[in-house]
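Novice: Below is one structure. I have some questions about it.
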Amino acid sequence: MPIDLNGDLGESYGRWQVVDDRALMVALSSVNLACGFHAGDPSGLRLAVRAALDHRLAIGAHPSYPDLRGFGRVAMALPPEQVRDDVLYQLGALQALCHAEGETIRHVKPHGALYHAVADDPATAEAVGEAVASFDVTLPVVVRSRSRGAEVLEEAGLQVLREAFLDRQYRNDGRLVPRSRPDALVTDPVEIAERAVRLATEGSVVAIDGTVLSLAPHTLCLHGDGRDAGAVAIRVRDALEGAGVEVRAGTT
């Protein structure tokens with residue numbers, strides 16, 4: 001019973017260092033690297049690509065709205081064609097850095113507000129799908145489980161990796177509790193590891209109101225900006241493997 005364990009990294013910018021990428025990479029099977037629009041400067045991203053290759057991780061692009069100030073978490077009402085072209089531009093930027101290191105992008109995962117828009121707004125999902133299809137139609141797109149966006153992308157002929165989050169609370173409709181709420185995050189390492197095992201073995205998670213949600217994810221996400229994120233990632237990996245779950249990229 002395999003599962004992918006991914007993290008959103010490469011999100012430092014110049015002197016602003018968000019997290020030690022390598023501390024998480026030791027436990028992951030794939031990584032989503034920022035593409036410059038919400039974080040990630042060129043030199044830092046090239047180092048992140050090299051680090052991911054050192055750890056034998058599948059590298060994915062993590063495109064966002066053009067929102068450095070808001071770290072890509074501010075919703076933007078952009079025309080679909082602009083979303084399409086912005087995403088395509090970001091894929092090309094990261095692909096150039098990967099190519100320079102003898103690697104290629106393996107998947108695409110939208111970031112932040114764009115991720116939620118893809119999940120809930122068919123027009124945004126179609127725009128991102130057009131960008132991916134014009135770049136490389138074989139690239140899987142990582143989308144939130146139980147979302148309309150996953151259906152839209154599959155209807156467009158793209159491969160979808162359904163994702164669940166280990167360190168975020170869920171509402172009973174399958175959406176994430178907004179970060180603006182104090183109860184949005186799961187911070188207990190033991191609880192995070194237990195959620196990982198349940199999602200990998202049973203495909204379900206308990207929402208914040210006690211509802212059991214069936215998510216059946218292909219990939220599990222850990223955020224790199226959480227407290228002791230590297231140690232938590234190792235605990236999660238150990239828990240999964242201790243439960244007989246194989247952690248590897250590409251688990252459709």
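For the structure tokens, the naming scheme is as follows: chains receive sequential letters (A, B, ...) according to their order of presentation, residues are indexed from 1 within each chain, and ligands are indexed from 1 in presentation order.
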Apply DSSP to the backbone of this structure and, from stretch 17-221 of chain A, keep only the residues in strand (DSSP E or B); write these as a count of residues only.

Specialist: 35

Novice: Set the distance at 7 Å and use only C-alpha atoms: which residues neighbour A:Val197 once local chain neighbours fewer than 5 positions away are removed? I'd like the list as a ChimeraX atom specification.

Specialist: /A:239-240,243

Novice: Could you write out that same residue set with C-alpha atoms as a short mmCIF file (atom, residue, chain, number, x, y, z; two decimals), in the first residue's frame?

Specialist:
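In the end it all went to out-v3.cif:
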```cif
data_model
loop_
_atom_site.label_atom_id
_atom_site.label_comp_id
_atom_site.auth_asym_id
_atom_site.auth_seq_id
_atom_site.Cartn_x
_atom_site.Cartn_y
_atom_site.Cartn_z
CA ALA A 239 5.02 5.82 11.50
CA LEU A 240 4.02 5.08 7.91
CA ALA A 243 2.47 0.46 9.62
#
```

Novice: Find the spatial neighbours of stretch 149-161 of chain A, counting only C-alpha atoms, within a cut-off of 8 Å - ignore same-chain residues fewer than 2 positions away - and output them as a PyMOL selection string.

Specialist: chain A and resi 118-122+125-126+129+133+137-147+163+217-219+252

Novice: For A:Val74, work out the shell of residues within 12 Å, counting only C-alpha atoms and skipping chain neighbours fewer than 5 positions away, then give it as a VMD selection string.

Specialist: chain A and resid 38 64 to 69 111 to 117 179 to 180

Novice: Taking only C-alpha atoms into account, which of A:Asp20, A:Asp54, A:Asp228, A:Asp8 comes nearest A:Asn32?

Specialist: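 Closest to A:Asn32, using only C-alpha atoms: A:Asp8.
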